[in-house]
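Quick look at work_38.tsv (TSV, N, CA and C atoms):
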chain	number	residue	atom	x	y	z
A	178	MET	N	126.87	133.24	118.48
A	178	MET	CA	126.71	134.48	117.75
A	178	MET	C	125.48	135.26	118.24
A	179	LEU	N	124.44	134.54	118.57
A	179	LEU	CA	123.23	135.21	119.04
A	179	LEU	C	123.49	135.92	120.37
A	180	ALA	N	124.22	135.28	121.25
A	180	ALA	CA	124.53	135.90	122.54
A	180	ALA	C	125.38	137.16	122.36
A	181	ILE	N	126.29	137.12	121.42
A	181	ILE	CA	127.14	138.28	121.17
A	181	ILE	C	126.31	139.44	120.61
A	182	SER	N	125.42	139.14	119.65
A	182	SER	CA	124.61	140.22	119.08
A	182	SER	C	123.63	140.78	120.11
A	183	ASP	N	123.08	139.92	120.99
A	183	ASP	CA	122.20	140.41	122.06
A	183	ASP	C	122.96	141.32	123.01
A	184	ALA	N	124.15	140.92	123.39
A	184	ALA	CA	124.96	141.74	124.30
A	184	ALA	C	125.30	143.08	123.66
A	185	LEU	N	125.62	143.06	122.38
A	185	LEU	CA	125.94	144.30	121.67
A	185	LEU	C	124.71	145.21	121.60
A	186	ALA	N	123.56	144.64	121.29
A	186	ALA	CA	122.33	145.43	121.21
A	186	ALA	C	121.99	146.05	122.56
A	187	LEU	N	122.09	145.28	123.63
A	187	LEU	CA	121.79	145.81	124.96
A	187	LEU	C	122.76	146.91	125.36
A	188	THR	N	124.02	146.73	125.03
A	188	THR	CA	125.03	147.75	125.35
A	188	THR	C	124.75	149.04	124.60
A	189	LEU	N	124.42	148.92	123.31
A	189	LEU	CA	124.13	150.12	122.52
A	189	LEU	C	122.87	150.82	123.01
A	190	MET	N	121.86	150.04	123.38
A	190	MET	CA	120.63	150.64	123.91
A	190	MET	C	120.93	151.40	125.20
A	191	GLU	N	121.75	150.82	126.04
A	191	GLU	CA	122.11	151.47	127.30
A	191	GLU	C	122.89	152.76	127.04
A	192	LEU	N	123.82	152.73	126.10
A	192	LEU	CA	124.61	153.92	125.78
A	192	LEU	C	123.74	155.03	125.18
A	193	LYS	N	122.73	154.66	124.42
A	193	LYS	CA	121.84	155.64	123.81
A	193	LYS	C	120.76	156.14	124.77
A	194	GLY	N	120.64	155.51	125.93
A	194	GLY	CA	119.68	155.95	126.93
A	194	GLY	C	118.27	155.43	126.69
A	195	VAL	N	118.13	154.29	126.00
A	195	VAL	CA	116.81	153.71	125.76
A	195	VAL	C	116.37	153.01	127.04
A	196	SER	N	115.23	153.45	127.56
A	196	SER	CA	114.73	152.87	128.81
A	196	SER	C	113.87	151.64	128.53
A	197	LYS	N	113.53	150.95	129.59
A	197	LYS	CA	112.65	149.79	129.48
A	197	LYS	C	111.29	150.22	128.93
A	198	MET	N	110.82	151.37	129.33
A	198	MET	CA	109.54	151.88	128.85
A	198	MET	C	109.62	152.23	127.36
A	199	ASP	N	110.71	152.85	126.93
A	199	ASP	CA	110.91	153.15	125.51
A	199	ASP	C	110.87	151.87	124.69
A	200	TYR	N	111.54	150.86	125.16
A	200	TYR	CA	111.57	149.57	124.47
A	200	TYR	C	110.17	148.99	124.36
A	201	GLY	N	109.43	149.05	125.44
A	201	GLY	CA	108.07	148.52	125.45
A	201	GLY	C	107.14	149.25	124.49
A	202	LEU	N	107.33	150.56	124.35
A	202	LEU	CA	106.49	151.33	123.45
A	202	LEU	C	106.78	151.02	121.99
A	203	ARG	N	108.03	150.75	121.68
A	203	ARG	CA	108.40	150.49	120.29
A	203	ARG	C	108.18	149.04	119.87
A	204	HIS	N	108.13	148.13	120.81
A	204	HIS	CA	107.93	146.71	120.52
A	204	HIS	C	106.67	146.24	121.22
A	205	HIS	N	105.57	146.87	120.89
A	205	HIS	CA	104.31	146.67	121.61
A	205	HIS	C	103.62	145.36	121.27
A	206	GLY	N	103.92	144.72	120.16
A	206	GLY	CA	103.16	143.55	119.75
A	206	GLY	C	103.66	142.22	120.30
A	207	GLY	N	104.90	142.16	120.71
A	207	GLY	CA	105.48	140.91	121.12
A	207	GLY	C	105.56	140.73	122.63
A	208	TYR	N	106.04	139.58	123.03
A	208	TYR	CA	106.16	139.25	124.45
A	208	TYR	C	107.08	140.23	125.16
A	209	LEU	N	108.21	140.56	124.56
A	209	LEU	CA	109.17	141.45	125.22
A	209	LEU	C	108.59	142.84	125.45
A	210	GLY	N	107.83	143.32	124.48
A	210	GLY	CA	107.20	144.63	124.64
A	210	GLY	C	106.17	144.62	125.77
A	211	ARG	N	105.36	143.56	125.82
A	211	ARG	CA	104.36	143.45	126.89
A	211	ARG	C	105.06	143.34	128.24
A	212	ALA	N	106.15	142.60	128.31
A	212	ALA	CA	106.86	142.43	129.58
A	212	ALA	C	107.54	143.74	130.00
A	213	ALA	N	107.91	144.58	129.05
A	213	ALA	CA	108.63	145.82	129.37
A	213	ALA	C	107.69	146.93	129.81
A	214	ARG	N	106.43	146.87	129.39
A	214	ARG	CA	105.48	147.92	129.77
A	214	ARG	C	105.02	147.74	131.21
A	215	THR	N	104.73	148.88	131.83
A	215	THR	CA	104.27	148.83	133.22
A	215	THR	C	102.75	148.76	133.32
A	216	ASP	N	102.04	148.96	132.19
A	216	ASP	CA	100.58	148.96	132.24
A	216	ASP	C	99.97	147.58	132.07
A	217	ASN	N	100.79	146.54	132.02
A	217	ASN	CA	100.23	145.19	131.89
A	217	ASN	C	99.96	144.62	133.28
A	218	ALA	N	98.77	144.18	133.49
A	218	ALA	CA	98.39	143.66	134.81
A	218	ALA	C	98.17	142.17	134.76
Would you write out, as structure tokens, the structure that this file holds?
Amino acid sequence: MLAISDALALTLMELKGVSKMDYGLRHHGGYLGRAARTDNA
């Protein structure tokens, strides 16, 4: 079920035009947000 919900979320994000940078800005506190931002060195 988790894999299905992840696939659905990614598909919807892609259809709505959410970029990797947009994702990083909105989820700034967690690992995924840090990994999505380009300003992490």
Please indicate the distance in Å from atom C of Ala213 of chain A to atom C of Ser196 of chain A, rounded to one decimal place. 7.9 Å
Given 3 Å on each side, where is the centre and what are the edge lengths in Å to one decimal of the axis-aligned box enclosing the listed atoms of segment 181-191 of chain A, as JSON?
{"center_x": 123.9, "center_y": 144.9, "center_z": 123.2, "size_x": 12.5, "size_y": 21.6, "size_z": 14.2}
If I take atom C of Ala186 of chain A and atom CA of Arg211 of chain A, how far is one from the other in Å, to one decimal?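 Here the two named atoms are 18.3 Å from each other.
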All residues 8 Å or closer to Lys197 of chain A, all atoms listed in the file, same chain fewer than 2 positions away omitted, as a list in words: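 After dropping sequence-adjacent residues, the list is Gly194, Val195, Asp199, Tyr200, Gly201, Leu202, Arg203, Ala212, Ala213, Arg214 and Thr215 of chain A.
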Quick check, in Å to one decimal: how far apart do atom CA of Asp183 of chain A and atom CA of Met198 of chain A lie?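 Spanning atom CA of Asp183 of chain A to atom CA of Met198 of chain A is a straight-line distance of 18.4 Å.
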